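Have a look at final.cif; it's mmCIF, C-alpha atoms and all ligand atoms:
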data_upload
loop_
_atom_site.label_atom_id
_atom_site.label_comp_id
_atom_site.auth_asym_id
_atom_site.auth_seq_id
_atom_site.Cartn_x
_atom_site.Cartn_y
_atom_site.Cartn_z
CA MET C 1 0.00 0.00 0.00
CA LYS C 2 1.22 3.49 -0.81
CA THR C 3 1.91 5.47 2.35
CA ARG C 4 3.82 8.64 3.25
CA THR C 5 6.94 9.54 5.15
CA PHE C 6 9.07 12.59 5.80
CA THR C 7 12.74 13.26 5.19
CA ILE C 8 15.30 15.98 5.89
CA ILE C 9 18.53 16.25 3.93
CA LYS C 10 20.62 17.55 6.82
CA PRO C 11 23.03 20.55 6.82
CA ASP C 12 26.21 18.53 6.19
CA ALA C 13 24.73 16.87 3.10
CA VAL C 14 23.28 20.10 1.68
CA ALA C 15 26.56 21.97 2.30
CA GLY C 16 28.51 19.07 0.79
CA GLY C 17 26.55 19.38 -2.46
CA TYR C 18 24.84 15.98 -2.13
CA THR C 19 21.20 17.13 -2.36
CA GLY C 20 20.77 16.07 -5.99
CA LYS C 21 22.49 12.72 -5.54
CA ILE C 22 20.38 11.90 -2.47
CA LEU C 23 17.14 12.92 -4.21
CA ASP C 24 18.17 10.73 -7.18
CA MET C 25 18.56 7.72 -4.87
CA ILE C 26 15.15 8.41 -3.28
CA LEU C 27 13.46 8.71 -6.71
CA ALA C 28 15.27 5.63 -8.07
CA ASP C 29 13.88 3.71 -5.08
CA GLY C 30 10.36 4.48 -6.34
CA PHE C 31 9.28 7.38 -4.15
CA THR C 32 7.11 10.25 -5.37
CA ILE C 33 7.82 13.70 -3.91
CA ARG C 34 4.56 15.26 -2.68
CA ALA C 35 6.14 18.40 -1.16
CA MET C 36 9.69 19.75 -0.96
CA LYS C 37 11.60 22.90 -0.04
CA MET C 38 14.95 24.26 1.11
CA THR C 39 14.70 25.90 4.52
CA PHE C 40 16.50 26.06 7.88
CA MET C 41 15.78 25.34 11.55
CA ASN C 42 16.25 27.78 14.42
CA ARG C 43 16.84 26.49 17.99
CA ASN C 44 13.09 26.43 18.71
CA ASP C 45 12.35 24.45 15.53
CA ALA C 46 15.06 21.92 16.43
CA ALA C 47 13.82 21.61 20.03
CA ARG C 48 10.29 20.94 18.75
CA PHE C 49 11.40 18.51 16.03
CA TYR C 50 13.66 16.53 18.38
CA ALA C 51 11.50 16.86 21.53
CA VAL C 52 11.86 13.10 22.21
CA HIS C 53 15.65 13.54 22.50
CA ARG C 54 15.54 16.49 24.93
CA GLY C 55 17.75 15.80 27.93
CA LYS C 56 19.90 13.20 26.14
CA PRO C 57 23.68 13.74 26.16
CA PHE C 58 23.80 14.38 22.39
CA PHE C 59 20.86 16.83 22.30
CA GLU C 60 23.02 19.98 22.36
CA ALA C 61 25.28 18.71 19.57
CA LEU C 62 22.24 17.64 17.56
CA SER C 63 20.60 21.06 17.95
CA THR C 64 23.77 22.94 17.04
CA TYR C 65 24.24 20.76 13.97
CA MET C 66 20.65 20.91 12.74
CA THR C 67 20.64 24.73 12.99
CA SER C 68 24.07 25.10 11.32
CA GLY C 69 22.88 25.53 7.73
CA ALA C 70 20.29 24.97 5.04
CA ILE C 71 18.24 21.79 4.98
CA VAL C 72 15.96 20.27 2.34
CA VAL C 73 12.69 18.84 3.67
CA ALA C 74 10.39 16.58 1.67
CA LEU C 75 7.15 14.64 2.03
CA LEU C 76 7.53 11.32 0.20
CA GLU C 77 5.01 8.75 -0.97
CA GLY C 78 5.76 5.11 -1.79
CA GLU C 79 5.09 1.46 -1.01
CA ASP C 80 5.59 0.89 2.72
CA ALA C 81 7.13 4.36 2.82
CA VAL C 82 8.42 4.57 6.41
CA ASP C 83 10.26 1.24 6.39
CA SER C 84 11.44 1.53 2.76
CA LEU C 85 13.00 4.93 3.40
CA ARG C 86 14.66 3.79 6.62
CA ARG C 87 16.17 0.84 4.73
CA LEU C 88 17.51 3.20 2.04
CA VAL C 89 18.84 5.64 4.68
CA GLY C 90 20.66 3.01 6.77
CA ALA C 91 21.79 2.84 10.40
CA THR C 92 21.98 5.99 12.55
CA ASP C 93 25.80 5.79 12.66
CA PRO C 94 27.03 5.97 9.05
CA ARG C 95 30.05 3.86 10.02
CA ASN C 96 27.64 0.97 10.81
CA ALA C 97 25.31 1.56 7.86
CA ASP C 98 25.14 -1.02 5.06
CA GLU C 99 26.96 -0.48 1.75
CA GLY C 100 24.79 1.44 -0.71
CA THR C 101 22.73 3.27 1.93
CA ILE C 102 22.52 7.07 1.94
CA ARG C 103 24.16 7.42 5.34
CA ARG C 104 27.01 5.09 4.38
CA MET C 105 27.63 7.09 1.18
CA PHE C 106 27.17 10.64 2.46
CA GLY C 107 27.28 10.60 6.28
CA THR C 108 30.34 11.14 8.49
CA ASP C 109 29.54 10.26 12.12
CA LEU C 110 26.64 9.87 14.59
CA THR C 111 25.87 13.58 14.56
CA ARG C 112 26.58 14.37 10.91
CA ASN C 113 24.64 11.51 9.34
CA ALA C 114 23.33 13.28 6.20
CA ILE C 115 19.61 12.54 6.38
CA HIS C 116 16.56 12.11 8.61
CA ALA C 117 13.82 9.54 7.98
CA SER C 118 10.67 9.33 10.15
CA ASP C 119 10.37 6.25 12.38
CA CYS C 120 6.58 5.68 12.07
CA ALA C 121 3.58 7.00 10.13
CA GLU C 122 2.25 9.00 13.07
CA ASN C 123 5.55 10.82 13.63
CA ALA C 124 5.97 11.35 9.86
CA GLU C 125 2.70 13.28 9.77
CA LYS C 126 3.60 15.39 12.82
CA GLU C 127 7.00 16.13 11.24
CA TRP C 128 5.80 17.18 7.78
CA LYS C 129 3.12 19.36 9.38
CA GLN C 130 5.94 21.27 11.10
CA PHE C 131 7.22 22.31 7.66
CA PHE C 132 4.35 22.19 5.15
CA ASP C 133 0.90 23.80 4.95
CA GLU C 134 -1.86 21.70 3.41
CA LYS C 135 -1.73 23.80 0.21
CA GLU C 136 1.98 23.00 -0.31
CA ILE C 137 1.25 19.28 -0.69
CA VAL C 138 0.99 18.34 -4.37
CA GLU C 139 -1.73 15.73 -4.82
CA VAL C 140 -1.92 15.74 -8.65
CA ASP C 141 -0.54 12.72 -10.50
CA TYR C 142 2.59 13.85 -12.34
CA SER C 143 3.92 10.42 -13.33
CA PRO C 144 5.16 10.26 -16.96
CA CYS C 145 1.91 8.66 -18.21
CA SER C 146 -0.03 11.79 -17.22
CA PHE C 147 1.56 13.59 -20.23
CA GLU C 148 0.58 10.98 -22.84
P1 LIG Q 201 17.57 8.11 13.58
O1 LIG Q 201 16.09 7.82 13.69
O2 LIG Q 201 18.34 6.99 12.93
O3 LIG Q 201 17.85 9.45 12.92
O4 LIG Q 201 18.14 8.21 15.07
P2 LIG Q 201 17.51 8.80 16.40
O5 LIG Q 201 16.08 9.17 16.22
O6 LIG Q 201 17.86 7.87 17.52
O7 LIG Q 201 18.37 10.14 16.65
C1 LIG Q 201 18.09 11.33 15.97
C2 LIG Q 201 19.38 11.94 15.50
O8 LIG Q 201 20.17 12.31 16.65
C3 LIG Q 201 20.28 11.00 14.71
O9 LIG Q 201 19.95 10.95 13.34
C4 LIG Q 201 21.65 11.61 14.94
O10 LIG Q 201 21.87 12.74 14.11
C5 LIG Q 201 21.55 12.07 16.38
N1 LIG Q 201 22.02 11.05 17.32
C6 LIG Q 201 21.36 9.94 17.75
N2 LIG Q 201 22.07 9.24 18.64
C7 LIG Q 201 23.23 9.92 18.81
C8 LIG Q 201 24.38 9.73 19.64
O11 LIG Q 201 24.49 8.75 20.39
N3 LIG Q 201 25.38 10.67 19.53
C9 LIG Q 201 25.27 11.75 18.70
N4 LIG Q 201 26.27 12.63 18.65
N5 LIG Q 201 24.20 11.97 17.91
C10 LIG Q 201 23.18 11.08 17.97
MG MG Q 202 14.62 8.85 14.77
#
Produce structure tokens that represent the structure in this file.
Amino acid sequence: MKTRTFTIIKPDAVAGGYTGKILDMILADGFTIRAMKMTFMNRNDAARFYAVHRGKPFFEALSTYMTSGAIVVALLEGEDAVDSLRRLVGATDPRNADEGTIRRMFGTDLTRNAIHASDCAENAEKEWKQFFDEKEIVEVDYSPCSFE
């Protein structure tokens, strides 16, 4: 069944010039982009987005990193979207991520791991609603056959 998930190309990957390559991997995996933009997080945005991690030892480093530069956020649709994207993204620590995953290819360490992928459908919806208004979500079918 087609479902939705949310992703963030994180500041290290945007600054490194990997946005296009990462989006290519996501599209090649069969996802449709339903909303996307370049933006940034301030400290309040990061605290809200990572509320579950507040109080953890890495929270300060995570906040500093996520507010350090531009990010690209996207709402993705695909078969079994949450789990498929997490498989493509790989383990949290890029050094432990499988060959061919986005984090293995573009991440550096536990903090600078290139990309976020939601961990369940409920959190995905909360997360994309932090960045997108209803009217920014593109519901029209723009697959190649729609031009025939
Ligand atoms: P994810 O779902 O794989 O992104 O991992 P989590 O939800 O557990 O953590 C959120 C983000 O916090 C990760 O993507 C990392 O950027 C960062 N993070 C998680 N655990 C650690 C840690 O032990 N040390 C550091 N420095 N960063 C961490
Ligand atoms: Mg997580």
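Around Thr7 in chain C, within 6 Å and counting all atoms listed in the file, the residues found are Val73, Ala74, His116 and Ala117 of chain C, once anything fewer than 5 positions away on its own chain is removed.
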Ligand LIG 201 (chain Q) neighbours within 12 Å using all atoms listed in the file, as a ChimeraX atom specification: /C:6-12,46-47,49-54,56-66,82-83,85-94,96-97,102-103,107-120,123-124
Output C-alpha atoms for every residue in that selection, as a compact mmCIF listing (two decimals), in the frame of the given file.
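Result saved to result14.txt:
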# COMPACT_ATOMS: atom_id res chain seq x y z
CA PHE C 6 9.07 12.59 5.80
CA THR C 7 12.74 13.26 5.19
CA ILE C 8 15.30 15.98 5.89
CA ILE C 9 18.53 16.25 3.93
CA LYS C 10 20.62 17.55 6.82
CA PRO C 11 23.03 20.55 6.82
CA ASP C 12 26.21 18.53 6.19
CA ALA C 46 15.06 21.92 16.43
CA ALA C 47 13.82 21.61 20.03
CA PHE C 49 11.40 18.51 16.03
CA TYR C 50 13.66 16.53 18.38
CA ALA C 51 11.50 16.86 21.53
CA VAL C 52 11.86 13.10 22.21
CA HIS C 53 15.65 13.54 22.50
CA ARG C 54 15.54 16.49 24.93
CA LYS C 56 19.90 13.20 26.14
CA PRO C 57 23.68 13.74 26.16
CA PHE C 58 23.80 14.38 22.39
CA PHE C 59 20.86 16.83 22.30
CA GLU C 60 23.02 19.98 22.36
CA ALA C 61 25.28 18.71 19.57
CA LEU C 62 22.24 17.64 17.56
CA SER C 63 20.60 21.06 17.95
CA THR C 64 23.77 22.94 17.04
CA TYR C 65 24.24 20.76 13.97
CA MET C 66 20.65 20.91 12.74
CA VAL C 82 8.42 4.57 6.41
CA ASP C 83 10.26 1.24 6.39
CA LEU C 85 13.00 4.93 3.40
CA ARG C 86 14.66 3.79 6.62
CA ARG C 87 16.17 0.84 4.73
CA LEU C 88 17.51 3.20 2.04
CA VAL C 89 18.84 5.64 4.68
CA GLY C 90 20.66 3.01 6.77
CA ALA C 91 21.79 2.84 10.40
CA THR C 92 21.98 5.99 12.55
CA ASP C 93 25.80 5.79 12.66
CA PRO C 94 27.03 5.97 9.05
CA ASN C 96 27.64 0.97 10.81
CA ALA C 97 25.31 1.56 7.86
CA ILE C 102 22.52 7.07 1.94
CA ARG C 103 24.16 7.42 5.34
CA GLY C 107 27.28 10.60 6.28
CA THR C 108 30.34 11.14 8.49
CA ASP C 109 29.54 10.26 12.12
CA LEU C 110 26.64 9.87 14.59
CA THR C 111 25.87 13.58 14.56
CA ARG C 112 26.58 14.37 10.91
CA ASN C 113 24.64 11.51 9.34
CA ALA C 114 23.33 13.28 6.20
CA ILE C 115 19.61 12.54 6.38
CA HIS C 116 16.56 12.11 8.61
CA ALA C 117 13.82 9.54 7.98
CA SER C 118 10.67 9.33 10.15
CA ASP C 119 10.37 6.25 12.38
CA CYS C 120 6.58 5.68 12.07
CA ASN C 123 5.55 10.82 13.63
CA ALA C 124 5.97 11.35 9.86
Calculated over all atoms listed in the file, which of the candidates C:Asp141, C:Glu127, C:Glu77, C:Glu134 has the smallest distance to ligand MG 202 (chain Q)?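 Nearest to ligand MG 202 (chain Q): C:Glu127.
Straight-line separation from CA of Asp80 in chain C to CA of Lys2 in chain C: 6.2 Å.
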What does the structure give for the distance between CA of Met105 in chain C and CA of Asp29 in chain C, in Å to one decimal?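 If I compute the distance from CA of Met105 in chain C to CA of Asp29 in chain C, I get 15.5 Å.
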I'd like the interatomic distance between CA of Met36 in chain C and CA of Ala121 in chain C, to a tenth of an Å.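 Here the two named atoms are 18.0 Å from each other.
Minimum distance to Gly30 in chain C across C:Glu99, C:Glu79, C:Glu122, C:Lys135 (counting only C-alpha atoms) occurs at C:Glu79.
Minimum atom-to-atom distances from C:Arg34, C:Thr39, C:Thr3, C:Arg104 to Glu139 in chain C were compared using all atoms listed in the file, and the lowest value belongs to C:Arg34.
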Which of C:Ile71, C:Ala28, C:Leu76, C:Leu23 sits closest to Ile137 in chain C [using all atoms listed in the file]: C:Leu76
